[in-house]
Amino acid sequence: MNASPLALTVLLANASQRFVIPVYQRPYSWDEEQCVQLWDDVLSVGKRPGDRHFTGSVVWIQDGTMSAAGVTPLLLIDGQQRITTVVLLLIALAEYARDHRDEPLHFSYEQIVNGNFVVMPYQQGADRYKLTLSQGDEPTLRNMIDRLVDPDVPECGESPRLRENLDLFRRRLAALADVNLVWDGIQHLEVVSISLAQGQDNPQLIFESMNSTGKDLSSADLIRNFVLMALPMDEQEKLYRNHWRRIEEELGADSYDSVFDDFIRNWLTVIYAPEPLTRRDVYQAFKRHTIENGYDKDGRIVNLLKELQRFAHYYACVTEGAEKDPDLKRAFDAIARLDTSTLNPLLLSFCDDYESGAFSRDDFLSMLGTTESYVFRRAVCDCASNSFNKFLPSIIARLNKVQAEEGNYREAFESYLVNEEGTNRRFPTDTEFSRDLMVRDSYHFKKSFYMLAKLENSFHPKDPRDFSTGTYTIEHIMPQNALAHEEWRDMLGDGGEGDFEALVNNIGNLTLTAYNSELSDGLFEEKKARATGGYDNEYISISSALRDADAWDRSHVEARAKELCELALKVWRMPDVSEETRSKYVVEKKAAVPRRSKKFAEFVSEGFIAPGTKLVSTSPSYEAEALVTETGMIRLANGEEFSSPSLASIRAVEQQGGSGARNGWYFWRTTDGKLLDDIRKESCANGSDSVTSDLKRFRNAFWDGLYDFCSADPDFVGAFGDPAGRAQNGGAWASFGIGMGKCHLGALLFSLDGFVGVEIYCNDKDSYRNLWESRAKADEMASDLDGEIVWDDIDMDKKSRSAVVKKPVDFDADDWDAMYSWIAQWLCRMKAIAARFVG
């Protein structure tokens, strides 16, 4: 490897060499943000003639021998985005100079065109162009250069980013008072030119280790380079043309960059099931798959590309409507409308197993219908989906085993879902589904339009209507401002506003129409009688009940809601799996997640707290008394009973006008002065609490669950990245980076003391000062969350200071998701507070 500093213009103007972008490199991808940054850098250094501006490294390796004309092609390993953008800026400068010859410029059109910066005027063919791009970008750049030399050349080429960025530079030059600053600035750009020795340096390892300015390399970039870079140029081009380009086309050439990372992660999830993968694991997992299966040896890389190409087709069928079978396409499209991308690995696995003959087409359609029902029912019932990133890969792994043993794939899949009853992965029963659908706010339900369209098309299975055109919208039969009209108030009767609130967004009051603005806030009789779009003439089947109705009050809305719920049970069916079949696919349950301690009732049943024991409050502000019952409940003076000491203490305080979370193990004591927490610790010391003797195991389980929960929360991932796959944590504190050297953010777990928390921690007084002085505003920013920030005093006698919020908990494993949700919300809010106020 040979590295040397060099002016970028010197590197470009060398008449004996040209740059070639290998086919494995990503397309030109800089957008306005990166171009404006380069523009600003150029202007900045252009205003300071004595300065230089370092723009990163340019890594290249010689490709074969020089041409007959004496020009040597150099393959760009790193730096193509910057060099391409500078070439666009030089084209814009040359055009400007050509069109403004009367201005006192430091440069000329001829100087750029004849100076080998973008074109080598005395060469022919490929040697004529200083820069040769790859893939679909090359025709566009060549056309731009040809038109620079001869404006009569017709415009062609289909690379929008190149054209948009050239237009950006044209506009900025036209608006600039002194264009010479741009030319002068370009002369002061410097790079480190790094040449690699063929056969000695490893371009792939060097490429992976580079950290240049501009856009971060995606998994697509790294993987494409890993697959193709080490091969001879002719083989690179052959594999790219015959396989990689087809992968790009399957995924959509225009959107390839944005979808490849998701595609590759979904494919690797299928490969490595039941092991869940995070985004940061993708590249290493791909290399591992390639090497472990020998694809990197003896010309077998083509087999890997064929596998990728096959799964890329499946992905296009699942997500982009590329399936040719009309029934399968409808099923995929319906699932896609549910916008649940975590299902994609499962669907890819279905597709591959179907191609291998694991099940019939009828079974495939049935399983897709079951998948759709499973997801939609869970959405209606507001079931948490945070465990899907582990659950679905486990389903794939189980089905792989069923397939290997030549079992019944369909009945196994249905059984695995139905057998999750009683967990947060359950398939909601008919009773739960219809009950929740009957009473929920369906208008603000994100899947409301999908739901109504699906119900309508159940009446037209052979000729489904296309509701994706935007023509149809959701219509409130009783309008949203019905209470403003006397006729609607009369129709509601004695129920009045109460009935309205309960009915207006109910499924029974919603339909689809292409005439929402026409129907709008009309009276029911007016809506029925309209010649166009009126209910009496409407052909929408789910609106048929409106034709015979002479009024629209509570009884009519509830009757229609019941009809639609009964229809929904048929549209989104629960699989009919016998107990005998289900029993064949029962998965052995892992040991329950350990919890900090037993429930209060267990202490009573084991004799540590006697029934009839009187409890009193330890709080000087809130006097309260309670009694321990025979069943292990805590009964307050007003007769209310609670299973948890904390819940009992919260209620006791509420009765006296107080509020806020409390740890009941510290709030209650017996009449002889012993805290409930003392009793709990005594029981632990006697060995009755196995978790206390294995605190590290408990903490590992808690943090693993938090990371898993947060990885499914888009707000959290947007703020902190995906935490799934973080190393196990046996401590009481988990850090979450906020990019500040002297200020840190963490989640707290104090199991023995009975609370979780979130903390902003500052190393010194100065870094804490702005936070302290803005604490009132910070408290206001968090006023909608459960909990209150406790602030260390700025003048306290210690080096570090913190702002912390705590939540008393009993660590009942059934309530961990609620704890995780609380922690995730506070972490996001504390990050926002730190970003705004920490000095």
# chains A, B, ... in the order shown; residues from 1 in each chain; ligands from 1
$ select_by_dssp --residues "stretch 18-197 of chain A" --states "strand (DSSP E or B)" --output "CSV table (one decimal) with all heavy atoms, in the first residue's frame"
chain,number,residue,atom,x,y,z
A,18,ARG,N,-7.3,7.1,-15.9
A,18,ARG,CA,-8.8,7.4,-15.7
A,18,ARG,C,-9.3,6.5,-14.6
A,18,ARG,O,-8.7,5.4,-14.3
A,18,ARG,CB,-9.5,7.1,-17.0
A,18,ARG,CG,-9.6,5.7,-17.5
A,18,ARG,CD,-10.2,5.6,-18.9
A,18,ARG,NE,-10.3,4.2,-19.3
A,18,ARG,CZ,-11.3,3.4,-19.1
A,18,ARG,NH1,-12.3,3.8,-18.3
A,18,ARG,NH2,-11.2,2.1,-19.5
A,19,PHE,N,-10.4,6.9,-14.0
A,19,PHE,CA,-11.0,6.1,-12.9
A,19,PHE,C,-12.2,5.3,-13.4
A,19,PHE,O,-13.0,5.8,-14.1
A,19,PHE,CB,-11.4,7.1,-11.8
A,19,PHE,CG,-10.2,7.7,-11.1
A,19,PHE,CD1,-9.9,9.0,-11.3
A,19,PHE,CD2,-9.5,6.9,-10.2
A,19,PHE,CE1,-8.8,9.6,-10.7
A,19,PHE,CE2,-8.4,7.5,-9.5
A,19,PHE,CZ,-8.0,8.8,-9.8
A,20,VAL,N,-12.3,4.1,-12.9
A,20,VAL,CA,-13.4,3.2,-13.2
A,20,VAL,C,-14.0,2.7,-11.9
A,20,VAL,O,-13.3,2.2,-11.0
A,20,VAL,CB,-12.9,2.0,-14.0
A,20,VAL,CG1,-14.0,1.0,-14.3
A,20,VAL,CG2,-12.2,2.4,-15.3
A,53,HIS,N,-8.2,22.0,2.3
A,53,HIS,CA,-9.3,21.3,3.0
A,53,HIS,C,-9.2,19.8,2.6
A,53,HIS,O,-9.2,19.4,1.4
A,53,HIS,CB,-10.6,21.8,2.5
A,53,HIS,CG,-11.8,21.1,3.1
A,53,HIS,ND1,-12.2,21.3,4.4
A,53,HIS,CD2,-12.6,20.1,2.7
A,53,HIS,CE1,-13.2,20.6,4.8
A,53,HIS,NE2,-13.5,19.8,3.7
A,54,PHE,N,-9.0,19.0,3.6
A,54,PHE,CA,-8.9,17.5,3.4
A,54,PHE,C,-10.2,16.9,3.3
A,54,PHE,O,-11.1,17.1,4.2
A,54,PHE,CB,-8.1,16.9,4.6
A,54,PHE,CG,-8.0,15.4,4.6
A,54,PHE,CD1,-7.3,14.8,3.6
A,54,PHE,CD2,-8.6,14.6,5.5
A,54,PHE,CE1,-7.2,13.4,3.5
A,54,PHE,CE2,-8.5,13.2,5.5
A,54,PHE,CZ,-7.8,12.6,4.4
A,55,THR,N,-10.5,16.2,2.2
A,55,THR,CA,-11.8,15.6,1.9
A,55,THR,C,-11.8,14.1,2.1
A,55,THR,O,-12.8,13.4,1.7
A,55,THR,CB,-12.2,16.0,0.5
A,55,THR,OG1,-11.3,15.4,-0.4
A,55,THR,CG2,-12.3,17.5,0.4
A,56,GLY,N,-10.8,13.5,2.7
A,56,GLY,CA,-10.8,12.0,2.8
A,56,GLY,C,-9.8,11.3,1.9
A,56,GLY,O,-8.9,12.0,1.3
A,57,SER,N,-9.9,10.0,1.8
A,57,SER,CA,-9.0,9.2,1.1
A,57,SER,C,-9.6,8.8,-0.2
A,57,SER,O,-10.9,8.7,-0.3
A,57,SER,CB,-8.6,8.0,1.9
A,57,SER,OG,-9.7,7.3,2.3
A,58,VAL,N,-8.8,8.5,-1.2
A,58,VAL,CA,-9.2,7.9,-2.5
A,58,VAL,C,-8.3,6.6,-2.6
A,58,VAL,O,-7.1,6.7,-2.7
A,58,VAL,CB,-9.0,8.8,-3.7
A,58,VAL,CG1,-9.3,8.1,-5.0
A,58,VAL,CG2,-9.8,10.0,-3.5
A,59,VAL,N,-9.0,5.5,-2.6
A,59,VAL,CA,-8.3,4.2,-2.6
A,59,VAL,C,-8.5,3.5,-4.0
A,59,VAL,O,-9.6,3.4,-4.4
A,59,VAL,CB,-8.8,3.2,-1.5
A,59,VAL,CG1,-8.0,1.9,-1.5
A,59,VAL,CG2,-8.7,3.9,-0.1
A,60,TRP,N,-7.4,3.1,-4.6
A,60,TRP,CA,-7.5,2.6,-5.9
A,60,TRP,C,-6.5,1.5,-6.2
A,60,TRP,O,-5.5,1.4,-5.5
A,60,TRP,CB,-7.4,3.7,-7.0
A,60,TRP,CG,-6.1,4.5,-6.9
A,60,TRP,CD1,-6.0,5.7,-6.2
A,60,TRP,CD2,-4.9,4.3,-7.5
A,60,TRP,NE1,-4.7,6.2,-6.3
A,60,TRP,CE2,-4.0,5.3,-7.1
A,60,TRP,CE3,-4.4,3.3,-8.4
A,60,TRP,CZ2,-2.7,5.4,-7.6
A,60,TRP,CZ3,-3.1,3.4,-8.8
A,60,TRP,CH2,-2.3,4.4,-8.4
A,61,ILE,N,-6.8,0.7,-7.2
A,61,ILE,CA,-5.9,-0.4,-7.6
A,61,ILE,C,-5.9,-0.4,-9.1
A,61,ILE,O,-6.9,-0.3,-9.7
A,61,ILE,CB,-6.3,-1.7,-7.0
A,61,ILE,CG1,-5.2,-2.8,-7.2
A,61,ILE,CG2,-7.6,-2.2,-7.5
A,61,ILE,CD1,-5.4,-4.1,-6.4
A,62,GLN,N,-4.7,-0.6,-9.7
A,62,GLN,CA,-4.6,-0.6,-11.1
A,62,GLN,C,-5.3,-1.9,-11.7
A,62,GLN,O,-5.2,-3.0,-11.2
A,62,GLN,CB,-3.1,-0.7,-11.5
A,62,GLN,CG,-2.9,-0.6,-13.1
A,62,GLN,CD,-1.5,-0.4,-13.4
A,62,GLN,OE1,-0.7,0.2,-12.7
A,62,GLN,NE2,-1.1,-1.0,-14.6
A,72,THR,N,-4.1,4.4,-18.3
A,72,THR,CA,-4.2,3.3,-17.3
A,72,THR,C,-5.5,3.4,-16.6
A,72,THR,O,-5.8,4.4,-15.9
A,72,THR,CB,-3.0,3.3,-16.3
A,72,THR,OG1,-1.8,3.2,-17.1
A,72,THR,CG2,-3.2,2.1,-15.4
A,73,PRO,N,-6.4,2.3,-16.6
A,73,PRO,CA,-7.6,2.4,-15.8
A,73,PRO,C,-7.3,2.0,-14.3
A,73,PRO,O,-6.6,1.1,-14.0
A,73,PRO,CB,-8.5,1.3,-16.4
A,73,PRO,CG,-7.5,0.3,-17.1
A,73,PRO,CD,-6.3,1.1,-17.5
A,74,LEU,N,-7.9,2.9,-13.4
A,74,LEU,CA,-7.7,2.6,-12.0
A,74,LEU,C,-9.1,2.3,-11.4
A,74,LEU,O,-10.0,3.1,-11.5
A,74,LEU,CB,-7.1,3.9,-11.3
A,74,LEU,CG,-5.8,4.5,-11.9
A,74,LEU,CD1,-5.4,5.7,-11.1
A,74,LEU,CD2,-4.7,3.4,-11.9
A,75,LEU,N,-9.2,1.2,-10.7
A,75,LEU,CA,-10.4,0.8,-10.1
A,75,LEU,C,-10.5,1.5,-8.7
A,75,LEU,O,-9.7,1.4,-7.9
A,75,LEU,CB,-10.5,-0.7,-9.8
A,75,LEU,CG,-10.6,-1.6,-11.1
A,75,LEU,CD1,-10.7,-3.1,-10.6
A,75,LEU,CD2,-11.8,-1.2,-11.9
A,76,LEU,N,-11.6,2.3,-8.5
A,76,LEU,CA,-11.8,3.0,-7.3
A,76,LEU,C,-12.4,2.1,-6.3
A,76,LEU,O,-13.5,1.6,-6.4
A,76,LEU,CB,-12.8,4.2,-7.5
A,76,LEU,CG,-12.1,5.6,-7.9
A,76,LEU,CD1,-13.2,6.6,-8.0
A,76,LEU,CD2,-11.2,6.0,-6.8
A,77,ILE,N,-11.7,1.9,-5.2
A,77,ILE,CA,-12.2,1.1,-4.1
A,77,ILE,C,-13.0,1.9,-3.1
A,77,ILE,O,-14.0,1.5,-2.5
A,77,ILE,CB,-11.0,0.4,-3.3
A,77,ILE,CG1,-10.2,-0.4,-4.3
A,77,ILE,CG2,-11.6,-0.6,-2.2
A,77,ILE,CD1,-10.9,-1.5,-5.1
A,78,ASP,N,-12.5,3.1,-2.9
A,78,ASP,CA,-13.2,4.1,-2.0
A,78,ASP,C,-13.0,5.5,-2.5
A,78,ASP,O,-11.9,5.9,-2.9
A,78,ASP,CB,-12.6,4.0,-0.6
A,78,ASP,CG,-13.4,4.8,0.4
A,78,ASP,OD1,-14.6,4.6,0.6
A,78,ASP,OD2,-12.8,5.7,1.0
A,119,VAL,N,-13.1,15.2,-19.1
A,119,VAL,CA,-12.9,14.5,-20.4
A,119,VAL,C,-11.5,14.6,-20.9
A,119,VAL,O,-10.8,15.6,-20.6
A,119,VAL,CB,-13.9,15.1,-21.5
A,119,VAL,CG1,-13.6,16.5,-21.7
A,119,VAL,CG2,-13.9,14.3,-22.8
A,129,TYR,N,-13.2,9.4,-21.3
A,129,TYR,CA,-14.0,9.8,-20.1
A,129,TYR,C,-13.1,9.6,-18.9
A,129,TYR,O,-12.6,8.5,-18.6
A,129,TYR,CB,-15.3,9.1,-20.0
A,129,TYR,CG,-16.2,9.3,-21.2
A,129,TYR,CD1,-16.2,8.3,-22.2
A,129,TYR,CD2,-17.0,10.4,-21.3
A,129,TYR,CE1,-17.0,8.5,-23.3
A,129,TYR,CE2,-17.8,10.6,-22.4
A,129,TYR,CZ,-17.8,9.6,-23.4
A,129,TYR,OH,-18.5,9.8,-24.5
A,131,LEU,N,-14.0,9.6,-15.8
A,131,LEU,CA,-14.6,8.8,-14.8
A,131,LEU,C,-15.7,7.9,-15.5
A,131,LEU,O,-16.5,8.4,-16.2
A,131,LEU,CB,-15.3,9.7,-13.8
A,131,LEU,CG,-16.1,9.0,-12.7
A,131,LEU,CD1,-15.2,8.1,-11.8
A,131,LEU,CD2,-16.8,10.0,-11.8
A,132,THR,N,-15.6,6.6,-15.2
A,132,THR,CA,-16.6,5.6,-15.8
A,132,THR,C,-17.3,5.1,-14.6
A,132,THR,O,-16.7,4.4,-13.7
A,132,THR,CB,-15.9,4.5,-16.5
A,132,THR,OG1,-15.2,5.1,-17.7
A,132,THR,CG2,-16.9,3.5,-17.0
A,189,LEU,N,-8.8,21.6,-2.5
A,189,LEU,CA,-9.2,20.3,-1.9
A,189,LEU,C,-8.1,19.3,-2.0
A,189,LEU,O,-7.5,19.1,-3.0
A,189,LEU,CB,-10.5,19.8,-2.7
A,189,LEU,CG,-11.7,20.6,-2.6
A,189,LEU,CD1,-12.8,19.9,-3.4
A,189,LEU,CD2,-12.2,20.9,-1.2
A,190,GLU,N,-7.9,18.6,-0.9
A,190,GLU,CA,-6.8,17.6,-0.8
A,190,GLU,C,-7.4,16.2,-0.5
A,190,GLU,O,-8.4,16.1,0.3
A,190,GLU,CB,-5.7,18.0,0.2
A,190,GLU,CG,-4.8,19.1,-0.3
A,190,GLU,CD,-3.6,19.2,0.5
A,190,GLU,OE1,-3.6,18.7,1.7
A,190,GLU,OE2,-2.6,19.8,0.1
A,191,VAL,N,-6.7,15.2,-0.9
A,191,VAL,CA,-7.1,13.8,-0.6
A,191,VAL,C,-5.8,13.1,-0.2
A,191,VAL,O,-4.7,13.6,-0.6
A,191,VAL,CB,-7.8,13.1,-1.7
A,191,VAL,CG1,-9.1,13.7,-2.1
A,191,VAL,CG2,-6.9,13.0,-3.0
A,192,VAL,N,-5.9,11.9,0.4
A,192,VAL,CA,-4.8,11.0,0.5
A,192,VAL,C,-5.1,10.0,-0.6
A,192,VAL,O,-6.1,9.2,-0.5
A,192,VAL,CB,-4.8,10.4,1.9
A,192,VAL,CG1,-3.7,9.2,1.9
A,192,VAL,CG2,-4.4,11.4,2.9
A,193,SER,N,-4.2,9.9,-1.6
A,193,SER,CA,-4.3,8.9,-2.6
A,193,SER,C,-3.6,7.7,-2.2
A,193,SER,O,-2.4,7.6,-2.0
A,193,SER,CB,-3.7,9.5,-3.9
A,193,SER,OG,-3.7,8.5,-5.0
A,194,ILE,N,-4.4,6.6,-2.1
A,194,ILE,CA,-3.9,5.3,-1.6
A,194,ILE,C,-3.9,4.3,-2.8
A,194,ILE,O,-5.0,3.9,-3.2
A,194,ILE,CB,-4.7,4.8,-0.4
A,194,ILE,CG1,-4.6,5.8,0.7
A,194,ILE,CG2,-4.1,3.4,0.0
A,194,ILE,CD1,-5.5,5.4,1.9
A,195,SER,N,-2.8,3.8,-3.2
A,195,SER,CA,-2.7,2.8,-4.3
A,195,SER,C,-2.4,1.5,-3.7
A,195,SER,O,-1.5,1.4,-2.8
A,195,SER,CB,-1.7,3.2,-5.3
A,195,SER,OG,-0.4,3.3,-4.7
A,196,LEU,N,-3.1,0.5,-4.1
A,196,LEU,CA,-3.0,-0.9,-3.6
A,196,LEU,C,-2.1,-1.7,-4.6
A,196,LEU,O,-2.2,-1.5,-5.8
A,196,LEU,CB,-4.3,-1.6,-3.4
A,196,LEU,CG,-5.3,-0.8,-2.4
A,196,LEU,CD1,-6.6,-1.6,-2.3
A,196,LEU,CD2,-4.7,-0.5,-1.1
$ residues_around --residues "A:Leu567" --least-positions-apart "4" --cutoff "8 Å" --atoms "only C-alpha atoms" --output "PDB file with all heavy atoms, in the first residue's frame"
ATOM      1  N   LEU A 455     -64.109  -6.458   4.740  1.00  0.00           N
ATOM      2  CA  LEU A 455     -65.484  -6.890   4.997  1.00  0.00           C
ATOM      3  C   LEU A 455     -66.338  -6.734   3.749  1.00  0.00           C
ATOM      4  O   LEU A 455     -67.134  -7.629   3.402  1.00  0.00           O
ATOM      5  CB  LEU A 455     -66.074  -6.077   6.150  1.00  0.00           C
ATOM      6  CG  LEU A 455     -65.529  -6.373   7.547  1.00  0.00           C
ATOM      7  CD1 LEU A 455     -66.058  -5.353   8.551  1.00  0.00           C
ATOM      8  CD2 LEU A 455     -65.894  -7.788   7.992  1.00  0.00           C
ATOM      9  N   GLU A 563     -73.850  -7.350  13.453  1.00  0.00           N
ATOM     10  CA  GLU A 563     -73.817  -8.039  12.153  1.00  0.00           C
ATOM     11  C   GLU A 563     -72.399  -8.030  11.577  1.00  0.00           C
ATOM     12  O   GLU A 563     -71.924  -9.057  11.060  1.00  0.00           O
ATOM     13  CB  GLU A 563     -74.781  -7.364  11.182  1.00  0.00           C
ATOM     14  CG  GLU A 563     -76.252  -7.547  11.520  1.00  0.00           C
ATOM     15  CD  GLU A 563     -77.148  -6.777  10.556  1.00  0.00           C
ATOM     16  OE1 GLU A 563     -76.601  -6.174   9.607  1.00  0.00           O
ATOM     17  OE2 GLU A 563     -78.369  -6.777  10.755  1.00  0.00           O
ATOM     18  N   VAL A 571     -64.644 -13.807   8.200  1.00  0.00           N
ATOM     19  CA  VAL A 571     -63.585 -13.303   7.322  1.00  0.00           C
ATOM     20  C   VAL A 571     -62.211 -13.588   7.919  1.00  0.00           C
ATOM     21  O   VAL A 571     -61.294 -14.032   7.214  1.00  0.00           O
ATOM     22  CB  VAL A 571     -63.770 -11.785   7.100  1.00  0.00           C
ATOM     23  CG1 VAL A 571     -62.581 -11.205   6.329  1.00  0.00           C
ATOM     24  CG2 VAL A 571     -65.067 -11.526   6.344  1.00  0.00           C
TER      25      VAL A 571
END
$ residues_around --residues "A:Phe608" --least-positions-apart "3" --cutoff "9 Å" --atoms "only C-alpha atoms" --output "PyMOL selection string"
chain A and resi 602-605+679-680+682-683
$ write_last_selection --atoms "N, CA and C atoms" --output "mmCIF file, in the first residue's frame"
data_model
loop_
_atom_site.group_PDB
_atom_site.id
_atom_site.type_symbol
_atom_site.label_atom_id
_atom_site.label_comp_id
_atom_site.auth_asym_id
_atom_site.auth_seq_id
_atom_site.Cartn_x
_atom_site.Cartn_y
_atom_site.Cartn_z
ATOM 1 N N GLU A 602 -48.073 -15.468 48.934
ATOM 2 C CA GLU A 602 -47.194 -16.597 49.216
ATOM 3 C C GLU A 602 -46.503 -16.438 50.572
ATOM 4 N N PHE A 603 -46.182 -15.210 50.935
ATOM 5 C CA PHE A 603 -45.603 -14.983 52.265
ATOM 6 C C PHE A 603 -46.611 -15.339 53.363
ATOM 7 N N VAL A 604 -47.886 -15.059 53.080
ATOM 8 C CA VAL A 604 -48.935 -15.390 54.055
ATOM 9 C C VAL A 604 -49.087 -16.899 54.153
ATOM 10 N N SER A 605 -49.172 -17.582 53.013
ATOM 11 C CA SER A 605 -49.396 -19.031 53.012
ATOM 12 C C SER A 605 -48.215 -19.780 53.626
ATOM 13 N N ILE A 679 -39.781 -8.361 56.558
ATOM 14 C CA ILE A 679 -40.312 -9.730 56.529
ATOM 15 C C ILE A 679 -39.888 -10.412 55.230
ATOM 16 N N ARG A 680 -39.947 -9.669 54.131
ATOM 17 C CA ARG A 680 -39.558 -10.235 52.840
ATOM 18 C C ARG A 680 -38.083 -10.645 52.864
ATOM 19 N N GLU A 682 -36.283 -11.427 55.452
ATOM 20 C CA GLU A 682 -36.119 -12.586 56.342
ATOM 21 C C GLU A 682 -36.435 -13.873 55.596
ATOM 22 N N SER A 683 -37.489 -13.825 54.799
ATOM 23 C CA SER A 683 -37.850 -15.034 54.048
ATOM 24 C C SER A 683 -36.770 -15.386 53.037
#
$ residues_around --residues "A:Ala404" --least-positions-apart "6" --cutoff "12 Å" --atoms "only C-alpha atoms" --output "list in words"
Asp353, Ser356, Gly357, Ala358, Ala397 and Arg398 of chain A
$ residues_around --residues "A:Thr370" --least-positions-apart "5" --cutoff "9 Å" --atoms "only C-alpha atoms" --output "ChimeraX atom specification"
/A:365,375,414,572-575
$ residues_around --residues "A:Lys390" --least-positions-apart "2" --cutoff "10 Å" --atoms "only C-alpha atoms" --output "NGL selection string"
:A and (273-277 or 386-388 or 392-395 or 708)
$ write_last_selection --atoms "N, CA and C atoms" --output "compact mmCIF listing (two decimals), in the first residue's frame"
# COMPACT_ATOMS: atom_id res chain seq x y z
N ALA A 273 -32.78 -19.14 11.69
CA ALA A 273 -33.87 -19.39 12.65
C ALA A 273 -33.52 -20.59 13.52
N PRO A 274 -33.78 -20.52 14.84
CA PRO A 274 -34.56 -19.51 15.57
C PRO A 274 -33.75 -18.33 16.11
N GLU A 275 -32.51 -18.17 15.66
CA GLU A 275 -31.67 -17.09 16.18
C GLU A 275 -32.12 -15.75 15.59
N PRO A 276 -32.59 -14.81 16.41
CA PRO A 276 -33.01 -13.51 15.87
C PRO A 276 -31.80 -12.67 15.48
N LEU A 277 -31.95 -11.87 14.44
CA LEU A 277 -30.86 -11.02 13.97
C LEU A 277 -31.25 -9.56 14.09
N ASN A 386 -44.14 -7.12 20.86
CA ASN A 386 -42.72 -6.95 21.09
C ASN A 386 -41.94 -8.26 21.11
N SER A 387 -42.62 -9.40 21.26
CA SER A 387 -41.90 -10.67 21.29
C SER A 387 -41.84 -11.34 19.92
N PHE A 388 -42.40 -10.71 18.89
CA PHE A 388 -42.45 -11.32 17.56
C PHE A 388 -41.07 -11.60 16.99
N LEU A 392 -41.44 -15.50 15.92
CA LEU A 392 -41.59 -15.93 14.54
C LEU A 392 -40.40 -16.74 14.04
N PRO A 393 -39.14 -16.35 14.35
CA PRO A 393 -38.04 -17.25 13.97
C PRO A 393 -38.15 -18.62 14.63
N SER A 394 -38.71 -18.67 15.85
CA SER A 394 -38.87 -19.99 16.48
C SER A 394 -39.90 -20.83 15.73
N ILE A 395 -40.94 -20.18 15.17
CA ILE A 395 -41.92 -20.89 14.35
C ILE A 395 -41.25 -21.45 13.10
N ASP A 708 -35.27 -6.72 24.32
CA ASP A 708 -36.17 -7.33 23.35
C ASP A 708 -37.42 -6.47 23.17
$ atom_distance --atom1 "atom CA of A:Ile247" --atom2 "atom CA of A:Asp466"
29.4 Å
$ closest_residue --among "A:Lys614, A:Ile223, A:Val380, A:Arg547" --to "A:Arg288" --atoms "only C-alpha atoms"
A:Ile223
$ residues_around --residues "A:Glu558" --least-positions-apart "3" --cutoff "12 Å" --atoms "only C-alpha atoms" --output "PyMOL selection string"
chain A and resi 437-439+499+502-510+545+552-555+561-565
$ select_by_dssp --residues "stretch 44-164 of chain A" --states "alpha helix (DSSP H)" --output "ChimeraX atom specification"
/A:44-46,80-99,109-113,138-149,160-164
$ closest_residue --among "A:Thr429, A:Gln34, A:Asn700, A:Gln284" --to "A:Ala727" --atoms "only C-alpha atoms"
A:Asn700
$ atom_distance --atom1 "atom CA of A:Ala732" --atom2 "atom CA of A:Arg699"
7.1 Å
$ atom_distance --atom1 "atom CA of A:Ser385" --atom2 "atom CA of A:Leu338"
13.3 Å
